[in-house]
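Asks: Below is the file run.cif, with mmCIF, C-alpha atoms and all ligand atoms; chains and numbers go by the auth columns.
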data_target
loop_
_atom_site.group_PDB
_atom_site.id
_atom_site.type_symbol
_atom_site.label_atom_id
_atom_site.label_comp_id
_atom_site.label_asym_id
_atom_site.label_seq_id
_atom_site.Cartn_x
_atom_site.Cartn_y
_atom_site.Cartn_z
_atom_site.B_iso_or_equiv
_atom_site.auth_seq_id
_atom_site.auth_asym_id
ATOM 1 C CA MET A 1 -20.318 -10.937 11.507 0.00 113 W
ATOM 2 C CA LEU A 2 -18.489 -8.918 8.851 0.00 114 W
ATOM 3 C CA ASP A 3 -17.312 -5.924 10.858 0.00 115 W
ATOM 4 C CA ALA A 4 -14.545 -4.247 8.879 0.00 116 W
ATOM 5 C CA LEU A 5 -12.950 -3.682 5.474 0.00 117 W
ATOM 6 C CA ILE A 6 -9.137 -3.419 5.549 0.00 118 W
ATOM 7 C CA PHE A 7 -7.472 -1.624 2.634 0.00 119 W
ATOM 8 C CA ASP A 8 -3.923 -1.702 1.379 0.00 120 W
ATOM 9 C CA VAL A 9 -2.874 1.736 0.070 0.00 121 W
ATOM 10 C CA ASP A 10 -0.288 1.709 -2.718 0.00 122 W
ATOM 11 C CA GLY A 11 -1.694 0.173 -5.861 0.00 123 W
ATOM 12 C CA THR A 12 -5.042 -0.567 -4.182 0.00 124 W
ATOM 13 C CA LEU A 13 -6.601 2.765 -3.199 0.00 125 W
ATOM 14 C CA SER A 14 -4.635 4.574 -5.906 0.00 126 W
ATOM 15 C CA GLU A 15 -2.008 3.852 -8.565 0.00 127 W
ATOM 16 C CA THR A 16 0.723 5.506 -6.505 0.00 128 W
ATOM 17 C CA GLU A 17 3.878 3.632 -7.513 0.00 129 W
ATOM 18 C CA GLU A 18 4.756 5.756 -10.539 0.00 130 W
ATOM 19 C CA LEU A 19 4.698 8.799 -8.233 0.00 131 W
ATOM 20 C CA HIS A 20 6.812 6.925 -5.650 0.00 132 W
ATOM 21 C CA ARG A 21 9.267 6.011 -8.419 0.00 133 W
ATOM 22 C CA TRP A 22 9.435 9.683 -9.514 0.00 134 W
ATOM 23 C CA ALA A 23 10.041 10.783 -5.884 0.00 135 W
ATOM 24 C CA PHE A 24 12.862 8.254 -5.465 0.00 136 W
ATOM 25 C CA ASN A 25 14.502 9.429 -8.723 0.00 137 W
ATOM 26 C CA GLU A 26 14.054 13.096 -7.742 0.00 138 W
ATOM 27 C CA THR A 27 15.855 12.361 -4.472 0.00 139 W
ATOM 28 C CA PHE A 28 18.719 10.605 -6.272 0.00 140 W
ATOM 29 C CA ARG A 29 18.969 13.517 -8.720 0.00 141 W
ATOM 30 C CA GLN A 30 18.927 16.197 -6.012 0.00 142 W
ATOM 31 C CA ARG A 31 21.766 14.358 -4.269 0.00 143 W
ATOM 32 C CA SER A 32 23.761 14.028 -7.526 0.00 144 W
ATOM 33 C CA MET A 33 23.689 10.253 -7.223 0.00 145 W
ATOM 34 C CA SER A 34 24.128 8.063 -10.287 0.00 146 W
ATOM 35 C CA TRP A 35 21.068 5.987 -9.304 0.00 147 W
ATOM 36 C CA GLY A 36 17.990 6.128 -11.512 0.00 148 W
ATOM 37 C CA TRP A 37 15.138 3.616 -11.481 0.00 149 W
ATOM 38 C CA SER A 38 13.390 2.835 -14.812 0.00 150 W
ATOM 39 C CA GLN A 39 9.931 1.277 -14.826 0.00 151 W
ATOM 40 C CA ASP A 40 11.514 -2.129 -15.514 0.00 152 W
ATOM 41 C CA ASP A 41 13.996 -1.620 -12.641 0.00 153 W
ATOM 42 C CA TYR A 42 11.180 -0.580 -10.323 0.00 154 W
ATOM 43 C CA ARG A 43 8.978 -3.560 -11.168 0.00 155 W
ATOM 44 C CA LEU A 44 11.777 -5.803 -9.848 0.00 156 W
ATOM 45 C CA LEU A 45 12.640 -3.479 -6.952 0.00 157 W
ATOM 46 C CA LEU A 46 9.010 -3.597 -5.755 0.00 158 W
ATOM 47 C CA LYS A 47 9.624 -7.184 -4.653 0.00 159 W
ATOM 48 C CA THR A 48 11.150 -5.462 -1.615 0.00 160 W
ATOM 49 C CA THR A 49 8.471 -3.634 0.344 0.00 161 W
ATOM 50 C CA GLY A 50 9.324 -0.404 2.148 0.00 162 W
ATOM 51 C CA GLY A 51 11.200 2.505 0.581 0.00 163 W
ATOM 52 C CA LYS A 52 14.196 2.324 2.941 0.00 164 W
ATOM 53 C CA GLU A 53 14.408 -1.460 2.515 0.00 165 W
ATOM 54 C CA ARG A 54 14.132 -1.045 -1.280 0.00 166 W
ATOM 55 C CA MET A 55 17.039 1.419 -1.399 0.00 167 W
ATOM 56 C CA ARG A 56 19.124 -0.834 0.878 0.00 168 W
ATOM 57 C CA ALA A 57 18.367 -3.832 -1.358 0.00 169 W
ATOM 58 C CA HIS A 58 19.448 -1.809 -4.426 0.00 170 W
ATOM 59 C CA ARG A 59 22.708 -0.746 -2.735 0.00 171 W
ATOM 60 C CA ASP A 60 23.440 -4.340 -1.705 0.00 172 W
ATOM 61 C CA ALA A 61 22.611 -5.668 -5.193 0.00 173 W
ATOM 62 C CA LEU A 62 25.214 -3.236 -6.569 0.00 174 W
ATOM 63 C CA GLY A 63 27.729 -4.578 -4.016 0.00 175 W
ATOM 64 C CA LEU A 64 28.173 -1.097 -2.549 0.00 176 W
ATOM 65 C CA LYS A 65 28.905 -0.076 1.048 0.00 177 W
ATOM 66 C CA GLU A 66 27.491 3.422 0.566 0.00 178 W
ATOM 67 C CA PRO A 67 25.023 5.016 1.129 0.00 179 W
ATOM 68 C CA SER A 68 24.890 3.816 4.738 0.00 180 W
ATOM 69 C CA ASP A 69 21.637 2.784 6.373 0.00 181 W
ATOM 70 C CA ASP A 70 21.578 6.114 8.221 0.00 182 W
ATOM 71 C CA LEU A 71 22.067 8.060 4.990 0.00 183 W
ATOM 72 C CA ILE A 72 19.339 5.956 3.335 0.00 184 W
ATOM 73 C CA ALA A 73 16.996 6.853 6.187 0.00 185 W
ATOM 74 C CA ASP A 74 17.775 10.521 5.528 0.00 186 W
ATOM 75 C CA MET A 75 17.215 10.024 1.785 0.00 187 W
ATOM 76 C CA HIS A 76 13.867 8.403 2.593 0.00 188 W
ATOM 77 C CA ARG A 77 12.755 11.420 4.637 0.00 189 W
ATOM 78 C CA GLN A 78 13.558 13.613 1.625 0.00 190 W
ATOM 79 C CA LYS A 79 11.768 11.228 -0.746 0.00 191 W
ATOM 80 C CA THR A 80 8.695 11.238 1.512 0.00 192 W
ATOM 81 C CA SER A 81 8.465 15.041 1.565 0.00 193 W
ATOM 82 C CA THR A 82 8.928 15.147 -2.225 0.00 194 W
ATOM 83 C CA TYR A 83 6.160 12.543 -2.581 0.00 195 W
ATOM 84 C CA THR A 84 3.721 14.156 -0.141 0.00 196 W
ATOM 85 C CA GLU A 85 4.171 17.599 -1.769 0.00 197 W
ATOM 86 C CA ALA A 86 3.299 16.065 -5.148 0.00 198 W
ATOM 87 C CA VAL A 87 0.270 14.282 -3.658 0.00 199 W
ATOM 88 C CA ALA A 88 -0.913 17.572 -2.148 0.00 200 W
ATOM 89 C CA LYS A 89 -0.719 19.132 -5.639 0.00 201 W
ATOM 90 C CA GLY A 90 -3.253 16.581 -6.902 0.00 202 W
ATOM 91 C CA ARG A 91 -0.992 14.068 -8.633 0.00 203 W
ATOM 92 C CA LEU A 92 -3.077 11.081 -7.438 0.00 204 W
ATOM 93 C CA THR A 93 -6.624 9.875 -8.090 0.00 205 W
ATOM 94 C CA LEU A 94 -8.513 7.040 -6.407 0.00 206 W
ATOM 95 C CA ARG A 95 -8.904 3.805 -8.353 0.00 207 W
ATOM 96 C CA ARG A 96 -12.346 2.997 -9.813 0.00 208 W
ATOM 97 C CA GLY A 97 -14.761 1.595 -7.252 0.00 209 W
ATOM 98 C CA VAL A 98 -12.801 2.556 -4.128 0.00 210 W
ATOM 99 C CA LYS A 99 -15.293 5.197 -2.973 0.00 211 W
ATOM 100 C CA ASP A 100 -18.212 2.883 -3.861 0.00 212 W
ATOM 101 C CA VAL A 101 -16.907 0.012 -1.705 0.00 213 W
ATOM 102 C CA MET A 102 -16.087 2.351 1.183 0.00 214 W
ATOM 103 C CA ALA A 103 -19.588 3.908 0.960 0.00 215 W
ATOM 104 C CA TRP A 104 -21.124 0.404 0.875 0.00 216 W
ATOM 105 C CA GLY A 105 -19.166 -0.474 4.017 0.00 217 W
ATOM 106 C CA ARG A 106 -20.289 2.651 5.851 0.00 218 W
ATOM 107 C CA ALA A 107 -23.917 2.120 4.739 0.00 219 W
ATOM 108 C CA HIS A 108 -23.808 -1.384 6.300 0.00 220 W
ATOM 109 C CA GLY A 109 -22.244 -0.190 9.551 0.00 221 W
ATOM 110 C CA LEU A 110 -18.789 -1.610 8.809 0.00 222 W
ATOM 111 C CA ARG A 111 -15.580 0.027 9.980 0.00 223 W
ATOM 112 C CA LEU A 112 -12.852 0.976 7.514 0.00 224 W
ATOM 113 C CA ALA A 113 -9.150 0.333 8.139 0.00 225 W
ATOM 114 C CA VAL A 114 -5.808 0.744 6.396 0.00 226 W
ATOM 115 C CA ALA A 115 -2.923 -1.749 6.507 0.00 227 W
ATOM 116 C CA THR A 116 -0.008 -0.451 4.463 0.00 228 W
ATOM 117 C CA THR A 117 3.766 -0.680 4.092 0.00 229 W
ATOM 118 C CA THR A 118 4.026 2.972 3.158 0.00 230 W
ATOM 119 C CA ASN A 119 4.531 5.443 5.978 0.00 231 W
ATOM 120 C CA ARG A 120 1.876 7.493 7.765 0.00 232 W
ATOM 121 C CA PRO A 121 2.688 10.896 6.175 0.00 233 W
ATOM 122 C CA ASN A 122 1.980 9.335 2.779 0.00 234 W
ATOM 123 C CA VAL A 123 -1.386 8.013 3.997 0.00 235 W
ATOM 124 C CA ASP A 124 -2.265 11.424 5.446 0.00 236 W
ATOM 125 C CA ALA A 125 -1.361 13.206 2.203 0.00 237 W
ATOM 126 C CA LEU A 126 -3.383 10.782 0.057 0.00 238 W
ATOM 127 C CA SER A 127 -6.397 11.048 2.352 0.00 239 W
ATOM 128 C CA LEU A 128 -6.472 14.853 2.312 0.00 240 W
ATOM 129 C CA ALA A 129 -5.926 14.983 -1.468 0.00 241 W
ATOM 130 C CA CYS A 130 -8.269 12.170 -2.531 0.00 242 W
ATOM 131 C CA PHE A 131 -10.941 12.092 0.207 0.00 243 W
ATOM 132 C CA GLY A 132 -10.758 15.745 1.226 0.00 244 W
ATOM 133 C CA ALA A 133 -10.431 14.830 4.897 0.00 245 W
ATOM 134 C CA PRO A 134 -7.734 13.759 7.365 0.00 246 W
ATOM 135 C CA ALA A 135 -6.994 10.017 7.352 0.00 247 W
ATOM 136 C CA GLU A 136 -8.245 9.584 10.933 0.00 248 W
ATOM 137 C CA GLU A 137 -11.652 10.923 9.832 0.00 249 W
ATOM 138 C CA VAL A 138 -11.870 8.638 6.792 0.00 250 W
ATOM 139 C CA PHE A 139 -10.577 5.451 8.455 0.00 251 W
ATOM 140 C CA ASP A 140 -11.367 4.064 11.875 0.00 252 W
ATOM 141 C CA VAL A 141 -7.996 2.324 12.125 0.00 253 W
ATOM 142 C CA ILE A 142 -4.662 2.970 10.391 0.00 254 W
ATOM 143 C CA ALA A 143 -1.670 0.602 10.552 0.00 255 W
ATOM 144 C CA ALA A 144 1.287 1.842 8.482 0.00 256 W
ATOM 145 C CA GLY A 145 4.986 1.584 7.697 0.00 257 W
ATOM 146 C CA ASP A 146 7.461 1.314 10.536 0.00 258 W
ATOM 147 C CA GLU A 147 4.777 0.637 13.169 0.00 259 W
ATOM 148 C CA VAL A 148 5.522 -3.046 12.653 0.00 260 W
ATOM 149 C CA PRO A 149 8.908 -4.791 12.805 0.00 261 W
ATOM 150 C CA ARG A 150 8.376 -6.895 9.670 0.00 262 W
ATOM 151 C CA LYS A 151 6.859 -5.421 6.502 0.00 263 W
ATOM 152 C CA LYS A 152 4.718 -7.285 3.964 0.00 264 W
ATOM 153 C CA PRO A 153 4.678 -10.162 3.016 0.00 265 W
ATOM 154 C CA ALA A 154 4.906 -10.709 6.789 0.00 266 W
ATOM 155 C CA PRO A 155 1.408 -10.514 8.335 0.00 267 W
ATOM 156 C CA ASP A 156 2.380 -7.947 10.990 0.00 268 W
ATOM 157 C CA VAL A 157 0.630 -4.865 9.611 0.00 269 W
ATOM 158 C CA PHE A 158 -2.678 -6.683 9.021 0.00 270 W
ATOM 159 C CA LEU A 159 -2.438 -8.241 12.500 0.00 271 W
ATOM 160 C CA LEU A 160 -1.885 -4.749 13.938 0.00 272 W
ATOM 161 C CA ALA A 161 -4.954 -3.462 12.081 0.00 273 W
ATOM 162 C CA LEU A 162 -7.052 -6.383 13.438 0.00 274 W
ATOM 163 C CA GLU A 163 -5.722 -5.761 16.960 0.00 275 W
ATOM 164 C CA ARG A 164 -6.642 -2.067 16.747 0.00 276 W
ATOM 165 C CA LEU A 165 -10.071 -3.024 15.376 0.00 277 W
ATOM 166 C CA GLY A 166 -10.466 -5.491 18.254 0.00 278 W
ATOM 167 C CA ILE A 167 -11.788 -8.235 15.958 0.00 279 W
ATOM 168 C CA GLY A 168 -10.741 -11.627 14.599 0.00 280 W
ATOM 169 C CA ALA A 169 -9.739 -12.146 10.977 0.00 281 W
ATOM 170 C CA ASP A 170 -13.074 -13.872 10.219 0.00 282 W
ATOM 171 C CA ALA A 171 -14.892 -10.561 10.787 0.00 283 W
ATOM 172 C CA ALA A 172 -12.983 -8.640 8.110 0.00 284 W
ATOM 173 C CA VAL A 173 -12.013 -8.683 4.442 0.00 285 W
ATOM 174 C CA ALA A 174 -8.694 -7.369 3.021 0.00 286 W
ATOM 175 C CA PHE A 175 -8.230 -5.510 -0.281 0.00 287 W
ATOM 176 C CA GLU A 176 -4.821 -5.786 -1.953 0.00 288 W
ATOM 177 C CA ASP A 177 -3.009 -5.306 -5.293 0.00 289 W
ATOM 178 C CA SER A 178 0.191 -7.377 -4.958 0.00 290 W
ATOM 179 C CA ARG A 179 1.439 -10.838 -4.087 0.00 291 W
ATOM 180 C CA ASN A 180 3.369 -9.415 -1.131 0.00 292 W
ATOM 181 C CA GLY A 181 0.132 -7.925 0.155 0.00 293 W
ATOM 182 C CA LEU A 182 -1.927 -11.022 -0.581 0.00 294 W
ATOM 183 C CA ARG A 183 0.515 -13.208 1.359 0.00 295 W
ATOM 184 C CA SER A 184 0.573 -10.746 4.255 0.00 296 W
ATOM 185 C CA ALA A 185 -3.219 -10.666 4.580 0.00 297 W
ATOM 186 C CA LEU A 186 -3.597 -14.443 4.079 0.00 298 W
ATOM 187 C CA ASP A 187 -1.050 -15.146 6.829 0.00 299 W
ATOM 188 C CA ALA A 188 -3.061 -12.849 9.074 0.00 300 W
ATOM 189 C CA GLY A 189 -6.013 -15.200 8.441 0.00 301 W
ATOM 190 C CA LEU A 190 -7.995 -12.827 6.213 0.00 302 W
ATOM 191 C CA ASP A 191 -10.034 -13.376 3.074 0.00 303 W
ATOM 192 C CA VAL A 192 -8.411 -11.249 0.354 0.00 304 W
ATOM 193 C CA LEU A 193 -9.917 -9.470 -2.657 0.00 305 W
ATOM 194 C CA VAL A 194 -7.331 -8.408 -5.252 0.00 306 W
ATOM 195 C CA THR A 195 -7.341 -5.637 -7.864 0.00 307 W
ATOM 196 C CA PRO A 196 -4.012 -6.023 -9.704 0.00 308 W
ATOM 197 C CA SER A 197 -2.236 -2.700 -10.347 0.00 309 W
ATOM 198 C CA VAL A 198 0.054 -1.413 -13.086 0.00 310 W
ATOM 199 C CA TYR A 199 3.136 -2.872 -11.382 0.00 311 W
ATOM 200 C CA THR A 200 1.516 -6.185 -10.360 0.00 312 W
ATOM 201 C CA SER A 201 -0.467 -7.021 -13.503 0.00 313 W
ATOM 202 C CA HIS A 202 2.022 -9.838 -14.253 0.00 314 W
ATOM 203 C CA GLU A 203 1.484 -11.524 -10.881 0.00 315 W
ATOM 204 C CA GLU A 204 -0.804 -14.508 -10.129 0.00 316 W
ATOM 205 C CA PHE A 205 -3.255 -14.500 -7.204 0.00 317 W
ATOM 206 C CA PRO A 206 -4.650 -18.060 -6.963 0.00 318 W
ATOM 207 C CA GLU A 207 -5.157 -17.783 -3.174 0.00 319 W
ATOM 208 C CA ALA A 208 -7.354 -14.684 -3.463 0.00 320 W
ATOM 209 C CA ARG A 209 -11.108 -15.028 -2.780 0.00 321 W
ATOM 210 C CA MET A 210 -11.627 -12.992 -5.945 0.00 322 W
ATOM 211 C CA VAL A 211 -9.571 -11.001 -8.491 0.00 323 W
ATOM 212 C CA ALA A 212 -11.174 -8.106 -10.408 0.00 324 W
ATOM 213 C CA PRO A 213 -9.879 -5.235 -12.577 0.00 325 W
ATOM 214 C CA ASP A 214 -11.421 -2.751 -10.131 0.00 326 W
ATOM 215 C CA MET A 215 -13.329 -2.796 -6.850 0.00 327 W
ATOM 216 C CA LEU A 216 -16.775 -2.488 -8.479 0.00 328 W
ATOM 217 C CA GLY A 217 -16.293 -6.165 -9.333 0.00 329 W
ATOM 218 C CA PHE A 218 -16.522 -7.054 -5.627 0.00 330 W
ATOM 219 C CA MET A 219 -19.919 -5.539 -4.798 0.00 331 W
ATOM 220 C CA ASP A 220 -21.948 -8.743 -5.285 0.00 332 W
ATOM 221 C CA TRP A 221 -19.384 -10.826 -3.406 0.00 333 W
ATOM 222 C CA LEU A 222 -19.371 -8.373 -0.496 0.00 334 W
ATOM 223 C CA THR A 223 -23.166 -8.331 -0.328 0.00 335 W
ATOM 224 C CA SER A 224 -23.447 -12.137 -0.279 0.00 336 W
ATOM 225 C CA ARG A 225 -20.581 -12.459 2.208 0.00 337 W
ATOM 226 C CA HIS A 226 -22.206 -9.863 4.505 0.00 338 W
ATOM 227 C CA LEU A 227 -25.685 -11.451 4.272 0.00 339 W
ATOM 228 C CA ALA A 228 -24.301 -14.999 4.634 0.00 340 W
ATOM 229 C CA VAL A 229 -22.921 -14.186 8.097 0.00 341 W
ATOM 230 C CA GLY A 230 -26.216 -12.643 9.210 0.00 342 W
ATOM 231 C CA GLY A 231 -25.512 -9.104 7.945 0.00 343 W
HETATM 232 C C1 LIG B . 3.820 -0.363 -1.027 0.00 401 W
HETATM 233 C C2 LIG B . 5.234 -0.274 -0.598 0.00 401 W
HETATM 234 C C3 LIG B . 5.798 1.051 -0.175 0.00 401 W
HETATM 235 C C4 LIG B . 5.745 2.041 -1.335 0.00 401 W
HETATM 236 C C5 LIG B . 6.686 3.211 -1.105 0.00 401 W
HETATM 237 O O1 LIG B . 3.085 -0.325 0.162 0.00 401 W
HETATM 238 O O2 LIG B . 5.913 -1.294 -0.555 0.00 401 W
HETATM 239 O O3 LIG B . 7.142 0.830 0.192 0.00 401 W
HETATM 240 O O4 LIG B . 6.233 1.372 -2.512 0.00 401 W
HETATM 241 O O5 LIG B . 6.333 3.863 0.112 0.00 401 W
HETATM 242 P P1 LIG B . 1.560 -0.958 0.235 0.00 401 W
HETATM 243 P P2 LIG B . 7.475 4.135 1.202 0.00 401 W
HETATM 244 O O6 LIG B . 1.257 -1.611 -1.101 0.00 401 W
HETATM 245 O O7 LIG B . 1.619 -1.948 1.380 0.00 401 W
HETATM 246 O O8 LIG B . 0.666 0.235 0.512 0.00 401 W
HETATM 247 O O9 LIG B . 8.639 4.763 0.483 0.00 401 W
HETATM 248 O O10 LIG B . 6.823 5.047 2.205 0.00 401 W
HETATM 249 O O11 LIG B . 7.812 2.781 1.754 0.00 401 W
HETATM 250 MG MG MG B . -0.032 -2.367 -2.446 0.00 402 W
#
Rewrite the structure from the file as structure tokens, please.
Ligand code: XBP
Ligand code: MG

Replies:
Amino acid sequence: MLDALIFDVDGTLSETEELHRWAFNETFRQRSMSWGWSQDDYRLLLKTTGGKERMRAHRDALGLKEPSDDLIADMHRQKTSTYTEAVAKGRLTLRRGVKDVMAWGRAHGLRLAVATTTNRPNVDALSLACFGAPAEEVFDVIAAGDEVPRKKPAPDVFLLALERLGIGADAAVAFEDSRNGLRSALDAGLDVLVTPSVYTSHEEFPEARMVAPDMLGFMDWLTSRHLAVGG
């Protein structure tokens, strides 16, 4: 039985990565660092999931010893508060079809979950700003950020979401925007529906069950998948 829909956040629920990129650059600027990530830089940097991991990868690619991991963790706390303040001011909108698919799920008695590399404060801020309610009221299960030892493309965060849902992968469908996310959900045993985002439009998703420009494209597939397993 299809029991749950599991959503990635960044790039899937909302086109968030330009705002993340701005928050990273604001943090570098406020700390008088020479770092500055262009859109082209960031497209490559997004191969590394996780903001702390991304900054560490950038430091290492420059062959630098500083900033230390501890300082990067502090920078990430600052970046997160810069990001969440901007989200609270209404800088994000939901992607087309997100509310429709979530409403379809609720109307068919399905549970809704989140499996994301971003951290929980960012999920909470997006939920309040875009759904007008706390994340724990919008989603039945939330698996985010540092709750798992290995970030996407490792399957850990989707496996945690399935564990918290108390179901097997055959009873859920995952929604993603990136190859890292697709690989994570696939390795967790899930069927994956992909809506490429601004920063992943160049990627290929041959293993996806379906690829569509927005989530409205999945409504027929979801209906047949739900009916096929007895609804
Ligand atoms: C996308 C990510 C995150 C965000 C930045 O997560 O990889 O790292 O880019 O958020 P997903 P943080 O697509 O899995 O939602 O700085 O909080 O990591
Ligand atoms: Mg994503």

Asks: Apply the PyMOL selection byres (((not hetatm)) within 7 of (chain W and resi 402)) to the file shown and report the selected residues as number ranges by chain.

Replies: W: 120-124, 288-290, 293

Asks: Residues proximal to (-5.6, -12.9, 11.5) were defined as those with any atom within 12 Å of that point in the file's coordinates, counting all atoms listed in the file. Which are they, as a PyMOL selection string?

Replies: chain W and resi 118+266-275+277-286+295-304

Asks: Can those selected residues be exported to a file as a tab-separated table (two decimals), keeping the file's coordinate frame so that it contains C-alpha atoms?

Replies:
chain	number	residue	atom	x	y	z
W	118	ILE	CA	-9.14	-3.42	5.55
W	266	ALA	CA	4.91	-10.71	6.79
W	267	PRO	CA	1.41	-10.51	8.34
W	268	ASP	CA	2.38	-7.95	10.99
W	269	VAL	CA	0.63	-4.86	9.61
W	270	PHE	CA	-2.68	-6.68	9.02
W	271	LEU	CA	-2.44	-8.24	12.50
W	272	LEU	CA	-1.88	-4.75	13.94
W	273	ALA	CA	-4.95	-3.46	12.08
W	274	LEU	CA	-7.05	-6.38	13.44
W	275	GLU	CA	-5.72	-5.76	16.96
W	277	LEU	CA	-10.07	-3.02	15.38
W	278	GLY	CA	-10.47	-5.49	18.25
W	279	ILE	CA	-11.79	-8.24	15.96
W	280	GLY	CA	-10.74	-11.63	14.60
W	281	ALA	CA	-9.74	-12.15	10.98
W	282	ASP	CA	-13.07	-13.87	10.22
W	283	ALA	CA	-14.89	-10.56	10.79
W	284	ALA	CA	-12.98	-8.64	8.11
W	285	VAL	CA	-12.01	-8.68	4.44
W	286	ALA	CA	-8.69	-7.37	3.02
W	295	ARG	CA	0.52	-13.21	1.36
W	296	SER	CA	0.57	-10.75	4.26
W	297	ALA	CA	-3.22	-10.67	4.58
W	298	LEU	CA	-3.60	-14.44	4.08
W	299	ASP	CA	-1.05	-15.15	6.83
W	300	ALA	CA	-3.06	-12.85	9.07
W	301	GLY	CA	-6.01	-15.20	8.44
W	302	LEU	CA	-8.00	-12.83	6.21
W	303	ASP	CA	-10.03	-13.38	3.07
W	304	VAL	CA	-8.41	-11.25	0.35

Asks: Run through the PyMOL selection byres (((chain W and resi 206-221) around 8) and not hetatm) on the given coordinates and return the selected residues as an MDAnalysis selection string.

Replies: chainID W and resid 115:117 124:127 204:205 222:224 242 326:328 331

Asks: I need the output of the PyMOL selection byres (((not hetatm)) within 9 of (chain W and resi 401)) for this file as a PyMOL selection string; which residues are they?

Replies: chain W and resi 119-125+128-129+132-133+135-136+158-166+188-189+191-192+195+226-235+256-258+263-265+269+288-290+292-293

Asks: So which residues touch Leu305 (chain W) within 6 Å, counting all atoms listed in the file, skipping near sequence neighbours fewer than 3 positions away, as a compact mmCIF listing (two decimals) with C-alpha atoms, in the frame of the given file?

Replies:
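Printed below is result37.txt as written:
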# COMPACT_ATOMS: atom_id res chain seq x y z
CA PHE W 287 -8.23 -5.51 -0.28
CA ALA W 320 -7.35 -14.68 -3.46
CA ARG W 321 -11.11 -15.03 -2.78
CA MET W 322 -11.63 -12.99 -5.94

Asks: Just to confirm, what's the straight-line distance from CA of Leu294 (chain W) to CA of Ala241 (chain W) in Å (one decimal)?

Replies: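 Separation between CA of Leu294 (chain W) and CA of Ala241 (chain W): 26.3 Å.
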
Asks: To one decimal in Å, tell me the separation between CA of Leu114 (chain W) and CA of Pro318 (chain W).

Replies: 22.9 Å

Asks: Return the padded bounding box of region 289-299 of chain W as JSON: axis-aligned, built from all atoms listed in the file, 4 Å added on each side, with centre and edge lengths in Å to one decimal.

Replies:
{"center_x": -0.1, "center_y": -10.2, "center_z": 0.8, "size_x": 15.0, "size_y": 17.8, "size_z": 20.1}

Asks: Rounded to one decimal, what separation in Å do you get between CA of Gln142 (chain W) and CA of Arg155 (chain W)?

Replies: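 If I compute the distance from CA of Gln142 (chain W) to CA of Arg155 (chain W), I get 22.7 Å.
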
Asks: Given the point (13.9, 3.0, -8.6) in the file's coordinates, find the residues that have an atom at most 7 Å from it, counting only C-alpha atoms, and give them as an NGL selection string.

Replies: :W and (133 or 136-137 or 148-150 or 153-154 or 157)

Asks: When you count only C-alpha atoms, which of these residues is closest to Met167 (chain W): W:Asp152, W:Asp186, W:Glu197, W:Asp236?

Replies: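 Answer, going by the shortest atom-to-atom distance: W:Asp186.
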
Asks: Select, from W:Leu174, W:Gln190, W:Ala185, W:Glu249, the residue with the minimum atom-to-atom distance to Phe140 (chain W), counting all atoms listed in the file.

Replies: W:Gln190

Asks: Between W:Ala173, W:His314, W:Val306, W:Phe243, which has the minimum distance to Gly329 (chain W) (counting all atoms listed in the file)?

Replies: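 Selected residue with least distance to Gly329 (chain W): W:Val306.
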